[in-house]
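**Student:** Below you'll find upload-v2.pdb; it's PDB, C-alpha atoms, pLDDT in the B column.
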MODEL        1
ATOM      1  CA  MET A   1     -30.704 -27.745  16.141  1.00 49.00           C
ATOM      2  CA  PRO A   2     -30.524 -24.045  16.902  1.00 54.00           C
ATOM      3  CA  SER A   3     -27.125 -22.458  16.645  1.00 55.00           C
ATOM      4  CA  THR A   4     -25.606 -20.801  19.688  1.00 55.00           C
ATOM      5  CA  GLN A   5     -23.826 -18.333  17.463  1.00 57.00           C
ATOM      6  CA  GLU A   6     -24.548 -14.727  18.346  1.00 55.00           C
ATOM      7  CA  ILE A   7     -26.128 -12.655  15.608  1.00 54.00           C
ATOM      8  CA  GLU A   8     -24.156  -9.502  14.898  1.00 53.00           C
ATOM      9  CA  GLN A   9     -25.712  -6.181  14.122  1.00 57.00           C
ATOM     10  CA  PRO A  10     -25.304  -5.281  10.439  1.00 54.00           C
ATOM     11  CA  GLY A  11     -23.193  -2.196  11.062  1.00 56.00           C
ATOM     12  CA  SER A  12     -20.903  -3.694  13.668  1.00 70.00           C
ATOM     13  CA  LYS A  13     -18.106  -4.735  11.276  1.00 72.00           C
ATOM     14  CA  PHE A  14     -18.133  -1.347   9.583  1.00 73.00           C
ATOM     15  CA  SER A  15     -18.147   0.327  12.990  1.00 76.00           C
ATOM     16  CA  GLN A  16     -15.104  -1.688  14.007  1.00 75.00           C
ATOM     17  CA  VAL A  17     -13.256  -0.790  10.805  1.00 74.00           C
ATOM     18  CA  LEU A  18     -14.208   2.866  11.234  1.00 77.00           C
ATOM     19  CA  GLU A  19     -12.975   2.835  14.830  1.00 79.00           C
ATOM     20  CA  VAL A  20      -9.645   1.262  13.816  1.00 75.00           C
ATOM     21  CA  ALA A  21      -9.174   3.713  10.953  1.00 77.00           C
ATOM     22  CA  ALA A  22      -9.958   6.655  13.246  1.00 79.00           C
ATOM     23  CA  ARG A  23      -7.191   5.501  15.601  1.00 80.00           C
ATOM     24  CA  LEU A  24      -4.534   5.398  12.868  1.00 77.00           C
ATOM     25  CA  PRO A  25      -1.793   7.962  13.370  1.00 83.00           C
ATOM     26  CA  GLY A  26      -2.454  11.189  11.517  1.00 83.00           C
ATOM     27  CA  VAL A  27      -6.130  10.531  10.803  1.00 83.00           C
ATOM     28  CA  ARG A  28      -7.648  12.889  13.346  1.00 87.00           C
ATOM     29  CA  ILE A  29      -7.551  16.508  12.275  1.00 88.00           C
ATOM     30  CA  ASN A  30      -7.234  19.275  14.837  1.00 90.00           C
ATOM     31  CA  ARG A  31      -9.988  21.716  13.839  1.00 91.00           C
ATOM     32  CA  ALA A  32      -8.205  24.911  14.930  1.00 93.00           C
ATOM     33  CA  THR A  33      -4.883  23.950  13.337  1.00 93.00           C
ATOM     34  CA  TYR A  34      -6.569  22.960  10.080  1.00 93.00           C
ATOM     35  CA  LEU A  35      -8.684  26.109   9.829  1.00 94.00           C
ATOM     36  CA  ARG A  36      -5.680  28.292  10.613  1.00 94.00           C
ATOM     37  CA  ALA A  37      -3.531  26.618   7.930  1.00 94.00           C
ATOM     38  CA  ALA A  38      -6.287  26.402   5.313  1.00 93.00           C
ATOM     39  CA  LEU A  39      -7.472  29.988   5.656  1.00 93.00           C
ATOM     40  CA  LYS A  40      -4.166  31.827   6.201  1.00 93.00           C
ATOM     41  CA  ARG A  41      -3.717  32.646   2.487  1.00 92.00           C
ATOM     42  CA  HIS A  42      -7.268  33.895   2.043  1.00 92.00           C
ATOM     43  CA  CYS A  43      -8.330  35.630   5.251  1.00 90.00           C
ATOM     44  CA  THR A  44      -7.221  38.125   7.842  1.00 91.00           C
ATOM     45  CA  GLU A  45      -6.019  36.929  11.230  1.00 93.00           C
ATOM     46  CA  GLU A  46      -9.204  38.324  12.772  1.00 94.00           C
ATOM     47  CA  GLN A  47     -11.414  36.312  10.390  1.00 93.00           C
ATOM     48  CA  ILE A  48      -9.413  33.164  11.122  1.00 93.00           C
ATOM     49  CA  GLU A  49      -9.798  33.637  14.876  1.00 94.00           C
ATOM     50  CA  ARG A  50     -13.563  34.160  14.477  1.00 93.00           C
ATOM     51  CA  ALA A  51     -13.771  31.057  12.259  1.00 93.00           C
ATOM     52  CA  ILE A  52     -11.995  28.981  14.908  1.00 93.00           C
ATOM     53  CA  ALA A  53     -14.059  30.380  17.776  1.00 92.00           C
ATOM     54  CA  GLY A  54     -17.344  30.002  15.898  1.00 91.00           C
ATOM     55  CA  SER A  55     -17.453  28.879  12.298  1.00 90.00           C
ATOM     56  CA  PRO A  56     -16.139  30.017   8.911  1.00 92.00           C
ATOM     57  CA  ALA A  57     -19.677  31.053   7.915  1.00 89.00           C
ATOM     58  CA  ALA A  58     -20.099  33.157  11.072  1.00 89.00           C
ATOM     59  CA  ALA A  59     -16.697  34.757  10.428  1.00 91.00           C
ATOM     60  CA  GLY A  60     -18.021  36.118   7.146  1.00 91.00           C
ATOM     61  CA  ILE A  61     -15.701  34.105   4.930  1.00 92.00           C
ATOM     62  CA  PRO A  62     -17.088  34.125   1.370  1.00 92.00           C
ATOM     63  CA  LEU A  63     -18.467  30.847  -0.003  1.00 92.00           C
ATOM     64  CA  GLN A  64     -16.010  30.972  -2.923  1.00 94.00           C
ATOM     65  CA  ILE A  65     -13.043  30.886  -0.531  1.00 93.00           C
ATOM     66  CA  ILE A  66     -14.616  28.034   1.436  1.00 92.00           C
ATOM     67  CA  THR A  67     -15.213  26.112  -1.806  1.00 92.00           C
ATOM     68  CA  ASP A  68     -11.635  26.727  -2.982  1.00 93.00           C
ATOM     69  CA  VAL A  69     -10.230  25.526   0.358  1.00 92.00           C
ATOM     70  CA  ALA A  70     -12.477  22.446   0.252  1.00 91.00           C
ATOM     71  CA  ASN A  71     -11.380  21.585  -3.311  1.00 91.00           C
ATOM     72  CA  THR A  72      -7.723  22.026  -2.360  1.00 91.00           C
ATOM     73  CA  SER A  73      -8.175  19.716   0.649  1.00 89.00           C
ATOM     74  CA  ILE A  74      -9.895  17.074  -1.485  1.00 87.00           C
ATOM     75  CA  ALA A  75      -7.163  17.211  -4.146  1.00 88.00           C
ATOM     76  CA  TYR A  76      -4.401  16.964  -1.526  1.00 87.00           C
ATOM     77  CA  GLU A  77      -5.877  13.989   0.351  1.00 82.00           C
ATOM     78  CA  THR A  78      -6.827  12.214  -2.890  1.00 80.00           C
ATOM     79  CA  SER A  79      -3.320  12.522  -4.303  1.00 78.00           C
ATOM     80  CA  LYS A  80      -1.829  11.291  -1.018  1.00 76.00           C
ATOM     81  CA  ALA A  81      -4.138   8.262  -0.929  1.00 66.00           C
ATOM     82  CA  THR A  82      -3.477   7.482  -4.591  1.00 69.00           C
ATOM     83  CA  GLY A  83       0.283   7.757  -4.148  1.00 66.00           C
ATOM     84  CA  LEU A  84       0.345   5.508  -1.095  1.00 61.00           C
ATOM     85  CA  SER A  85      -1.905   2.991  -2.833  1.00 62.00           C
ATOM     86  CA  ALA A  86       0.386   2.929  -5.867  1.00 60.00           C
ATOM     87  CA  VAL A  87       3.427   2.352  -3.661  1.00 60.00           C
ATOM     88  CA  ALA A  88       1.628  -0.467  -1.828  1.00 56.00           C
ATOM     89  CA  GLY A  89       0.873  -2.167  -5.169  1.00 59.00           C
ATOM     90  CA  ILE A  90       4.462  -2.076  -6.474  1.00 58.00           C
ATOM     91  CA  PRO A  91       5.451  -5.559  -5.257  1.00 58.00           C
ATOM     92  CA  GLY A  92       2.605  -7.114  -7.268  1.00 56.00           C
ATOM     93  CA  GLY A  93       1.754 -10.821  -7.410  1.00 55.00           C
ATOM     94  CA  PHE A  94       1.227 -12.706  -4.179  1.00 55.00           C
ATOM     95  CA  ALA A  95       2.816  -9.909  -2.154  1.00 52.00           C
ATOM     96  CA  MET A  96      -0.296  -7.836  -2.826  1.00 54.00           C
ATOM     97  CA  ILE A  97      -2.311 -10.173  -0.609  1.00 57.00           C
ATOM     98  CA  GLY A  98      -0.411  -8.793   2.360  1.00 58.00           C
ATOM     99  CA  THR A  99      -0.673  -5.162   1.281  1.00 56.00           C
ATOM    100  CA  VAL A 100      -4.427  -5.043   0.645  1.00 53.00           C
ATOM    101  CA  PRO A 101      -5.551  -4.689   4.303  1.00 58.00           C
ATOM    102  CA  GLY A 102      -3.043  -1.902   4.896  1.00 61.00           C
ATOM    103  CA  ASP A 103      -4.040  -0.202   1.672  1.00 61.00           C
ATOM    104  CA  MET A 104      -7.719  -0.363   2.618  1.00 68.00           C
ATOM    105  CA  ALA A 105      -6.970   1.034   6.089  1.00 70.00           C
ATOM    106  CA  GLN A 106      -5.014   3.983   4.694  1.00 72.00           C
ATOM    107  CA  TYR A 107      -7.751   4.614   2.114  1.00 76.00           C
ATOM    108  CA  LEU A 108     -10.422   4.764   4.814  1.00 80.00           C
ATOM    109  CA  GLY A 109      -8.079   6.908   6.915  1.00 82.00           C
ATOM    110  CA  HIS A 110      -7.803   9.432   4.088  1.00 80.00           C
ATOM    111  CA  MET A 111     -11.575   9.387   3.648  1.00 85.00           C
ATOM    112  CA  LEU A 112     -11.916  10.243   7.339  1.00 86.00           C
ATOM    113  CA  ARG A 113      -9.360  13.042   6.943  1.00 88.00           C
ATOM    114  CA  ILE A 114     -11.288  14.496   3.993  1.00 88.00           C
ATOM    115  CA  ALA A 115     -14.587  14.172   5.880  1.00 88.00           C
ATOM    116  CA  GLN A 116     -13.163  16.061   8.862  1.00 89.00           C
ATOM    117  CA  LYS A 117     -11.599  18.800   6.744  1.00 91.00           C
ATOM    118  CA  LEU A 118     -14.807  19.351   4.794  1.00 89.00           C
ATOM    119  CA  ALA A 119     -16.879  19.306   7.973  1.00 89.00           C
ATOM    120  CA  TYR A 120     -14.645  21.912   9.604  1.00 91.00           C
ATOM    121  CA  ILE A 121     -14.459  24.254   6.609  1.00 91.00           C
ATOM    122  CA  TYR A 122     -18.239  24.030   6.159  1.00 89.00           C
ATOM    123  CA  SER A 123     -18.800  25.116   9.780  1.00 88.00           C
ATOM    124  CA  TRP A 124     -19.243  21.820  11.657  1.00 85.00           C
ATOM    125  CA  PRO A 125     -17.887  21.617  15.214  1.00 82.00           C
ATOM    126  CA  ASP A 126     -15.093  19.277  16.345  1.00 83.00           C
ATOM    127  CA  LEU A 127     -15.965  15.682  15.504  1.00 79.00           C
ATOM    128  CA  PHE A 128     -13.559  14.027  17.943  1.00 77.00           C
ATOM    129  CA  ASP A 129     -13.082  14.641  21.630  1.00 69.00           C
ATOM    130  CA  ASP A 130      -9.323  14.773  22.234  1.00 62.00           C
ATOM    131  CA  SER A 131      -9.664  13.388  25.751  1.00 57.00           C
ATOM    132  CA  ALA A 132     -11.552  10.235  24.700  1.00 53.00           C
ATOM    133  CA  ASP A 133      -9.850   7.127  23.334  1.00 60.00           C
ATOM    134  CA  GLY A 134     -12.736   6.010  21.168  1.00 62.00           C
ATOM    135  CA  MET A 135     -15.425   7.852  19.325  1.00 72.00           C
ATOM    136  CA  ASP A 136     -18.913   8.391  20.594  1.00 74.00           C
ATOM    137  CA  SER A 137     -21.976   7.175  18.732  1.00 76.00           C
ATOM    138  CA  ALA A 138     -22.811  10.660  17.411  1.00 76.00           C
ATOM    139  CA  THR A 139     -19.363  11.004  15.813  1.00 78.00           C
ATOM    140  CA  GLU A 140     -19.584   7.483  14.416  1.00 78.00           C
ATOM    141  CA  SER A 141     -22.996   8.229  12.920  1.00 78.00           C
ATOM    142  CA  MET A 142     -21.821  11.482  11.344  1.00 79.00           C
ATOM    143  CA  LEU A 143     -18.700   9.913   9.874  1.00 80.00           C
ATOM    144  CA  THR A 144     -20.756   7.035   8.513  1.00 78.00           C
ATOM    145  CA  LEU A 145     -23.071   9.541   6.822  1.00 77.00           C
ATOM    146  CA  PHE A 146     -20.120  11.506   5.427  1.00 80.00           C
ATOM    147  CA  ILE A 147     -18.523   8.350   4.024  1.00 77.00           C
ATOM    148  CA  GLY A 148     -21.870   7.363   2.535  1.00 77.00           C
ATOM    149  CA  VAL A 149     -22.028  10.731   0.785  1.00 76.00           C
ATOM    150  CA  MET A 150     -18.501  10.190  -0.556  1.00 74.00           C
ATOM    151  CA  PHE A 151     -19.644   6.884  -2.034  1.00 71.00           C
ATOM    152  CA  GLY A 152     -22.661   8.607  -3.594  1.00 71.00           C
ATOM    153  CA  VAL A 153     -25.358   7.037  -1.430  1.00 66.00           C
ATOM    154  CA  ASN A 154     -28.463   9.199  -1.821  1.00 67.00           C
ATOM    155  CA  ALA A 155     -29.867   8.225   1.571  1.00 67.00           C
ATOM    156  CA  ALA A 156     -26.661   9.446   3.233  1.00 65.00           C
ATOM    157  CA  GLN A 157     -26.934  12.774   1.419  1.00 65.00           C
ATOM    158  CA  ALA A 158     -30.473  13.169   2.696  1.00 71.00           C
ATOM    159  CA  GLY A 159     -29.278  12.257   6.203  1.00 70.00           C
ATOM    160  CA  VAL A 160     -26.555  14.908   6.175  1.00 68.00           C
ATOM    161  CA  ALA A 161     -29.065  17.476   4.923  1.00 70.00           C
ATOM    162  CA  GLN A 162     -31.433  16.548   7.776  1.00 70.00           C
ATOM    163  CA  VAL A 163     -28.705  16.805  10.415  1.00 67.00           C
ATOM    164  CA  SER A 164     -27.347  20.104   9.159  1.00 61.00           C
TER     165      SER A 164
ENDMDL
END
Would you mind giving the structure from this file in structure tokens?

**Tutor:**
Amino acid sequence: MPSTQEIEQPGSKFSQVLEVAARLPGVRINRATYLRAALKRHCTEEQIERAIAGSPAAAGIPLQIITDVANTSIAYETSKATGLSAVAGIPGGFAMIGTVPGDMAQYLGHMLRIAQKLAYIYSWPDLFDDSADGMDSATESMLTLFIGVMFGVNAAQAGVAQVS
């Protein structure tokens, strides 16, 4: 007998997890605030304003500064995710069963934070619309590609290269 169960699309579970992680407090990065904070030690106020209005590349910010800012952002978010994960694992034993979903959510949240920071410093526009509750399909697709690149998926790297 045929089953009446609905067949899900392969990406739907990941999309749901991505949507939930994007709604976690502190996950969405304000592009202007981030660029201002990240570039204040390296650039003039005029360069920062041009970077916010256009892009860091259009503002004439040297690639070495952009790379240094990107590496600093990666190190910061990685250490935060590692620290929170270590704290979540302290109870050990059966208590870890309850902490794993939260740990996975915060890990994906930090991946989204890193993806946004890198996108903004490497001249991508805002990924999230502040007025919308959810994310549109273009943002979801871009974040999926960025996460794929973080996991070392070659097809995702080619996709990001095509889009950029």

**Student:** Under the rule that only C-alpha atoms are counted, which of A:Val69, A:Thr144, A:Asp136, A:Asp126 is the nearest residue to A:Arg41?

**Tutor:**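 Of the candidates, the smallest distance to A:Arg41 is held by A:Val69.
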
**Student:** Report, in Å with one decimal, the straight-line distance from atom CA of A:Leu118 to atom CA of A:Ser73.

**Tutor:**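 If I compute the distance from atom CA of A:Leu118 to atom CA of A:Ser73, I get 7.8 Å.
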
**Student:** So how far away is atom CA of A:Lys117 from atom CA of A:Gln64, in Å?

**Tutor:**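 Straight-line distance from atom CA of A:Gln64 to atom CA of A:Lys117 works out to 16.2 Å.
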
**Student:** State, in Å with one decimal place, the distance from atom CA of A:Lys40 to atom CA of A:Thr67.

**Tutor:**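 Answer for the atom CA of A:Lys40 to atom CA of A:Thr67 separation: 14.8 Å.
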
**Student:** Between A:Ala138, A:Val20, A:Ile121, A:Phe128, which residue has the minimum interatomic distance to A:Ile48, considering only C-alpha atoms?

**Tutor:**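 Using only C-alpha atoms, A:Ile48 sits closest to A:Ile121.
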
**Student:** Stretch 120-127 of chain A, all listed atoms, 5 Å padding on each side: what axis-aligned box centre and edge lengths in Å to one decimal come out, as JSON?

**Tutor:**
{"center_x": -16.9, "center_y": 20.4, "center_z": 11.3, "size_x": 14.8, "size_y": 19.4, "size_z": 20.2}

**Student:** I would like the residues chosen by the PyMOL selection byres ((chain A and resi 14-17) around 10) on the shown file; could you give them as a ChimeraX atom specification?

**Tutor:** /A:10-13,18-23,104-105,108,137,140-141,144

**Student:** Residues picked by the PyMOL selection byres ((chain A and resi 77) around 10) here, as a ChimeraX atom specification?

**Tutor:** /A:72-76,78-83,107,109-114,117

**Student:** Within 12 Å of (-15.4, 29.7, 0.9), only C-alpha atoms: residues as a PyMOL selection string?

**Tutor:** chain A and resi 35+38-39+42-43+51+55-72+118+120-123

**Student:** Which residue out of A:Pro125, A:Leu143, A:Gln116, A:Pro25 has the minimum interatomic distance to A:Ile52 when all atoms listed in the file are used?

**Tutor:**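 When distances to A:Ile52 are compared using all atoms listed in the file, the smallest one comes from A:Pro125.
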
**Student:** When you count all atoms listed in the file, which of these residues is closest to A:Leu145: A:Ala119, A:Leu24, A:Arg50, A:Tyr34?

**Tutor:**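 Among A:Ala119, A:Leu24, A:Arg50, A:Tyr34, it is A:Ala119 that comes nearest to A:Leu145.
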
**Student:** For A:Arg28, which of A:Gln162, A:Phe151, A:Leu127, A:Phe146 is the closest residue, counting only C-alpha atoms?

**Tutor:**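 For A:Arg28, the nearest of the candidates is A:Leu127.
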
**Student:** Which is closer to A:Thr33 than all the others in A:Met150, A:Gly54, A:Trp124, A:Glu49, using all atoms listed in the file?

**Tutor:** A:Glu49
